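Novice: What follows is a single structure, and I will ask about it in a moment.
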Amino acid sequence: MNNLITLNKISKSFLTNKKILVLKKINFKFNLGKVYSVVGPSGSGKSTLLNILSLIDKPTSGLIKIDKDIINFSNSVKNDKIRAKKIGIVYQQNNLLPDFTALENVYLARLSLTNNKKKSLDAARQIIKKMGLSDRVNHYPSELSGGEMQRIAIARALINEPQIILADEPTGSLDQTTAQEVFNVLYKLKNSNRIIIYATHNRYFANKADCKLEMIDGNIRTINARIK
Ligand SMILES: Nc1ncnc2c1ncn2[C@@H]1O[C@H](COP(=O)(O)OP(=O)(O)O)[C@@H](O)[C@H]1O
Ligand SMILES: [Mg+2]
């Protein structure tokens with residue numbers, strides 16, 4: 001039983017001038033210990049899917065089960081807690097807080113859960129060290145390179161030891177070498193009790209996942225990217 005996330009007939013439409021149906025009754029099970037990439041052209045619904053998985057956006061219809069919980073999208077207080085505890089999110093443009101140092105950006109994410117400043121700071125220092133950025137703890141985001149910012153963003157996503165890591169084009173604004181560094185960090189986070197899901201436009205990185213999901217016409221087509 002290593003299935004952690006189940007999507008059951010997940011649909012999502014947006015109503016602007018006209019209704020657009022972005023996700024069409026998606027059924028999928030994400031298994032622990034696996035790394036998934038999500039590919040598809042711009043506008044195919046990658047971010048929409050990740051936003052629903054992160055419980056930030058709600059589906060128009062369908063069910064999501066995470067672990068034993070069927071997500072109630074009306075209960076945002078509970079979902080905020082589930083997210084803080086279980087889900088780490090990395091975006092394309094790292095959305096670090098500009099007025100806080102690297103260390104503060106990371107430790108605030110922990111503080112919100114534990115309320116213990118000393119422990120949160122220690123944990124933040126440790127995880128930043130793992131990212132190889134100990135000498136940047138007191139730098140502000142504007143004083144970091146793109147790759148360093150993304151590694152700090154990953155440290156922040158990781159500080160609460162989430163079971164689920166979601167990354168939406170985490171290297172979309174980086175050159176290939178820097179992107180490789182960031183992905184190296186991301187792949188190292190794989191373990192048997194975790195799911196990593198990332199959207200990317202980069203075919204090379206997409207193929208590094210255990211399982212590649214292609215968004216086609218509002219649905220997911222599975223391509224096993226790597227034979228294990
Ligand atoms: N908040 C929104 N309101 C209206 N339309 C949206 C919204 N978010 C996304 N869309 C539309 O949904 C489609 C899928 O978008 P998105 O999930 O961002 O695609 P991708 O990440 O694959 O580029 C696009 O046509 C986009 O314009
Ligand atoms: Mg997107």
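A note on labels: chains of the structure tokens are A, B, ... as shown, every chain counts residues from 1, and ligands are counted from 1 in their shown order.
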When DSSP is applied to the backbone of this structure, which of chain A are assigned strand (DSSP E or B)? Write them out as a PyMOL selection string.

Specialist: chain A and resi 3-15+19-31+35-39+61-66+69-70+87-90+164-168+195-199+211-216+219-223

Novice: Please tabulate, as JSON lines, the residues of segment 110-144 of chain A that come within 9 Å of segment 77-94 of chain A, each with its closest pair of atoms and the distance in Å to one decimal, counting only C-alpha atoms and ordering rows by chain, then residue number upward.

Specialist:
```
{"residue": "A:Arg110", "atom": "CA", "partner": "A:Ala84", "partner_atom": "CA", "distance": 8.7}
{"residue": "A:Ser112", "atom": "CA", "partner": "A:Ala84", "partner_atom": "CA", "distance": 8.3}
{"residue": "A:Leu113", "atom": "CA", "partner": "A:Ala84", "partner_atom": "CA", "distance": 7.0}
```

Novice: Just want the 6 Å neighbourhood of segment 188-196 of chain A, counted on only C-alpha atoms, with same-chain residues fewer than 2 positions away dropped. Output as a short mmCIF file (atom, residue, chain, number, x, y, z; two decimals) with all heavy atoms, in the first residue's frame.

Specialist:
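Okay, part_3.cif is ready:
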```cif
data_model
loop_
_atom_site.label_atom_id
_atom_site.label_comp_id
_atom_site.auth_asym_id
_atom_site.auth_seq_id
_atom_site.Cartn_x
_atom_site.Cartn_y
_atom_site.Cartn_z
N LEU A 32 4.17 6.40 -3.11
CA LEU A 32 5.33 6.78 -2.31
C LEU A 32 6.60 6.21 -2.93
O LEU A 32 6.59 5.14 -3.54
CB LEU A 32 5.17 6.21 -0.89
CG LEU A 32 4.22 6.97 0.02
CD1 LEU A 32 3.98 6.19 1.30
CD2 LEU A 32 4.77 8.36 0.33
N GLY A 33 7.68 6.96 -2.75
CA GLY A 33 8.97 6.49 -3.23
C GLY A 33 9.23 6.84 -4.69
O GLY A 33 10.28 6.50 -5.22
N LYS A 34 8.29 7.51 -5.32
CA LYS A 34 8.45 7.79 -6.76
C LYS A 34 8.61 9.28 -7.05
O LYS A 34 8.11 10.13 -6.32
CB LYS A 34 7.21 7.31 -7.52
CG LYS A 34 6.99 5.82 -7.46
CD LYS A 34 7.78 5.13 -8.56
CE LYS A 34 7.53 3.63 -8.54
NZ LYS A 34 8.77 2.86 -8.61
N VAL A 35 9.30 9.52 -8.14
CA VAL A 35 9.45 10.88 -8.64
C VAL A 35 8.67 10.97 -9.96
O VAL A 35 8.83 10.13 -10.84
CB VAL A 35 10.94 11.20 -8.91
CG1 VAL A 35 11.09 12.61 -9.49
CG2 VAL A 35 11.76 11.06 -7.64
N GLN A 163 6.05 14.97 3.12
CA GLN A 163 6.00 13.70 2.40
C GLN A 163 5.82 13.94 0.91
O GLN A 163 6.14 13.11 0.09
CB GLN A 163 4.78 12.92 2.91
CG GLN A 163 5.15 11.58 3.46
CD GLN A 163 3.93 10.78 3.85
OE1 GLN A 163 2.85 11.31 4.08
NE2 GLN A 163 4.12 9.50 3.94
N ILE A 164 5.26 15.12 0.61
CA ILE A 164 4.96 15.44 -0.78
C ILE A 164 5.72 16.70 -1.16
O ILE A 164 5.62 17.72 -0.47
CB ILE A 164 3.45 15.69 -0.95
CG1 ILE A 164 2.65 14.47 -0.49
CG2 ILE A 164 3.11 16.06 -2.39
CD1 ILE A 164 1.16 14.75 -0.29
N ILE A 165 6.49 16.62 -2.23
CA ILE A 165 7.18 17.82 -2.72
C ILE A 165 6.65 18.13 -4.11
O ILE A 165 6.65 17.27 -4.99
CB ILE A 165 8.70 17.59 -2.76
CG1 ILE A 165 9.22 17.38 -1.33
CG2 ILE A 165 9.41 18.79 -3.41
CD1 ILE A 165 10.68 17.04 -1.26
N VAL A 185 19.79 18.53 -6.42
CA VAL A 185 19.30 18.67 -5.04
C VAL A 185 17.93 18.01 -4.91
O VAL A 185 17.66 17.26 -3.98
CB VAL A 185 19.22 20.18 -4.68
CG1 VAL A 185 18.43 20.39 -3.40
CG2 VAL A 185 20.62 20.77 -4.52
N LEU A 186 17.08 18.26 -5.88
CA LEU A 186 15.71 17.73 -5.84
C LEU A 186 15.71 16.19 -5.88
O LEU A 186 15.01 15.54 -5.11
CB LEU A 186 14.93 18.31 -7.03
CG LEU A 186 13.42 18.38 -6.91
CD1 LEU A 186 13.00 19.28 -5.76
CD2 LEU A 186 12.82 18.91 -8.21
#
```

Novice: Please provide the set of residues having any atom within 10 Å of Ala179 of chain A, restricted to only C-alpha atoms, with same-chain residues fewer than 4 positions apart removed, written as a list of chain:residue names.

Specialist: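 Here the qualifying residues turn out to be A:Gly146, A:Gly147, A:Gln150, A:Pro170, A:Thr171, A:Gly172, A:Ser173, A:Leu174, A:Asp175, A:Phe183, A:Asn184, A:Val185, A:Asn202, A:Phe205.
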
Novice: Please produce an output containing N, CA, C and O atoms for each residue in the selection, written as a CSV table (one decimal), in the first residue's frame.

Specialist:
```csv
chain,number,residue,atom,x,y,z
A,146,GLY,N,20.3,33.1,-9.0
A,146,GLY,CA,19.0,32.4,-9.3
A,146,GLY,C,19.0,30.9,-8.8
A,146,GLY,O,18.1,30.5,-8.1
A,147,GLY,N,20.2,30.3,-9.0
A,147,GLY,CA,20.3,28.9,-8.5
A,147,GLY,C,20.3,28.8,-7.0
A,147,GLY,O,19.7,27.9,-6.4
A,150,GLN,N,16.8,29.3,-5.7
A,150,GLN,CA,16.0,28.1,-5.8
A,150,GLN,C,16.4,27.1,-4.8
A,150,GLN,O,15.5,26.3,-4.2
A,170,PRO,N,10.6,24.4,-11.5
A,170,PRO,CA,11.5,25.0,-10.5
A,170,PRO,C,12.8,25.6,-11.1
A,170,PRO,O,13.4,26.4,-10.5
A,171,THR,N,13.1,25.2,-12.4
A,171,THR,CA,14.3,25.7,-13.0
A,171,THR,C,14.0,26.4,-14.3
A,171,THR,O,14.8,26.7,-15.1
A,172,GLY,N,12.7,26.8,-14.4
A,172,GLY,CA,12.2,27.5,-15.6
A,172,GLY,C,13.0,28.8,-16.0
A,172,GLY,O,13.1,29.2,-17.1
A,173,SER,N,13.5,29.4,-14.9
A,173,SER,CA,14.2,30.7,-15.2
A,173,SER,C,15.7,30.5,-15.0
A,173,SER,O,16.4,31.5,-14.9
A,174,LEU,N,16.2,29.3,-15.1
A,174,LEU,CA,17.7,29.1,-14.9
A,174,LEU,C,18.3,28.5,-16.1
A,174,LEU,O,17.7,27.9,-16.9
A,175,ASP,N,19.6,28.8,-16.2
A,175,ASP,CA,20.4,28.1,-17.4
A,175,ASP,C,20.6,26.6,-17.1
A,175,ASP,O,20.3,26.2,-15.9
A,183,PHE,N,18.2,20.5,-9.9
A,183,PHE,CA,17.6,19.1,-10.0
A,183,PHE,C,18.4,18.1,-9.2
A,183,PHE,O,17.8,17.2,-8.6
A,184,ASN,N,19.7,18.2,-9.2
A,184,ASN,CA,20.5,17.3,-8.4
A,184,ASN,C,20.0,17.3,-6.9
A,184,ASN,O,19.9,16.3,-6.3
A,185,VAL,N,19.8,18.5,-6.4
A,185,VAL,CA,19.3,18.7,-5.0
A,185,VAL,C,17.9,18.0,-4.9
A,185,VAL,O,17.7,17.3,-4.0
A,202,ASN,N,11.6,21.1,-19.7
A,202,ASN,CA,12.8,20.5,-20.2
A,202,ASN,C,12.8,19.0,-20.3
A,202,ASN,O,12.6,18.3,-19.4
A,205,PHE,N,15.2,16.8,-18.2
A,205,PHE,CA,14.9,16.6,-16.8
A,205,PHE,C,13.6,15.9,-16.6
A,205,PHE,O,13.4,15.1,-15.7
```

Novice: Around ligand 2, out to 10 Å and counting only C-alpha atoms and all ligand atoms, which residues are there? I want them as number ranges by chain.

Specialist: A: 39-51, 91-92, 168-169, 172, 199-201

Novice: Run DSSP on the backbone and grab whatever in segment 17-223 of chain A lands in alpha helix (DSSP H); send it over as number ranges by chain.

Specialist: A: 46-53, 76-86, 102-114, 117-130, 146-158, 176-188, 203-206

Novice: Grab the atom CA of Arg221 of chain A to atom 23 (O, counted along the ligand's line) of ligand 1 distance for me, in Å with one decimal place.

Specialist: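 According to the coordinates, atom CA of Arg221 of chain A and atom 23 (O, counted along the ligand's line) of ligand 1 are separated by 16.4 Å.
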
Novice: What gap, in Å, lies between atom CA of Arg156 of chain A and atom CA of His139 of chain A?

Specialist: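 That distance, rounded to one decimal, is 14.7 Å.
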
Novice: Looking at A:Asn116, A:Thr178, A:Thr60, A:Thr222, which one is nearest to Lys29 of chain A, with distances taken over only C-alpha atoms?

Specialist: A:Thr222

Novice: Have a look at atom 14 (C, counted along the ligand's line) of ligand 1 and atom CA of Cys211 of chain A and let me know their distance in Å, one decimal.

Specialist: 21.4 Å

Novice: From the options A:Asn17, A:Lys12, A:Leu7, A:Arg203, which residue's atoms come nearest to Asn31 of chain A, counting only C-alpha atoms?

Specialist: A:Leu7

Novice: Give me the residues near Thr101 of chain A as a ChimeraX atom specification, where near means some atom within 8 Å (using only C-alpha atoms) and where sequence neighbours in that chain fewer than 5 positions away do not count.

Specialist: /A:137-141

Novice: Store the residues picked out above in a file with N, CA, C and O atoms, as a PDB file, in the first residue's frame.

Specialist:
```pdb
ATOM      1  N   VAL A 137      23.614  32.233   4.566  1.00  0.00           N
ATOM      2  CA  VAL A 137      22.442  32.326   5.454  1.00  0.00           C
ATOM      3  C   VAL A 137      21.982  33.753   5.708  1.00  0.00           C
ATOM      4  O   VAL A 137      20.792  34.017   5.833  1.00  0.00           O
ATOM      5  N   ASN A 138      22.932  34.670   5.770  1.00  0.00           N
ATOM      6  CA  ASN A 138      22.540  36.045   6.098  1.00  0.00           C
ATOM      7  C   ASN A 138      22.331  36.930   4.880  1.00  0.00           C
ATOM      8  O   ASN A 138      22.177  38.138   5.001  1.00  0.00           O
ATOM      9  N   HIS A 139      22.351  36.301   3.711  1.00  0.00           N
ATOM     10  CA  HIS A 139      22.114  37.067   2.494  1.00  0.00           C
ATOM     11  C   HIS A 139      20.619  37.271   2.273  1.00  0.00           C
ATOM     12  O   HIS A 139      19.822  36.385   2.558  1.00  0.00           O
ATOM     13  N   TYR A 140      20.286  38.411   1.720  1.00  0.00           N
ATOM     14  CA  TYR A 140      18.905  38.650   1.309  1.00  0.00           C
ATOM     15  C   TYR A 140      18.717  38.054  -0.093  1.00  0.00           C
ATOM     16  O   TYR A 140      19.699  37.902  -0.831  1.00  0.00           O
ATOM     17  N   PRO A 141      17.469  37.711  -0.459  1.00  0.00           N
ATOM     18  CA  PRO A 141      17.251  37.111  -1.781  1.00  0.00           C
ATOM     19  C   PRO A 141      17.928  37.875  -2.916  1.00  0.00           C
ATOM     20  O   PRO A 141      18.512  37.272  -3.816  1.00  0.00           O
TER      21      PRO A 141
END
```

Novice: May I have the residues within 7 Å of Ile66 of chain A as a ChimeraX atom specification, using only C-alpha atoms and disregarding those fewer than 6 positions away in the same chain?

Specialist: /A:4-6

Novice: Of the residues A:Ile197, A:Ile10, A:Ile52, A:Phe30, which is the one nearest to ligand 1, using only C-alpha atoms and all ligand atoms?

Specialist: A:Ile52

Novice: Between A:Ala102, A:Leu108, A:Ala157, A:Ile127, single out the one closest to Glu143 of chain A, counting only C-alpha atoms.

Specialist: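 Among the listed residues, the smallest separation from Glu143 of chain A belongs to A:Ala102.
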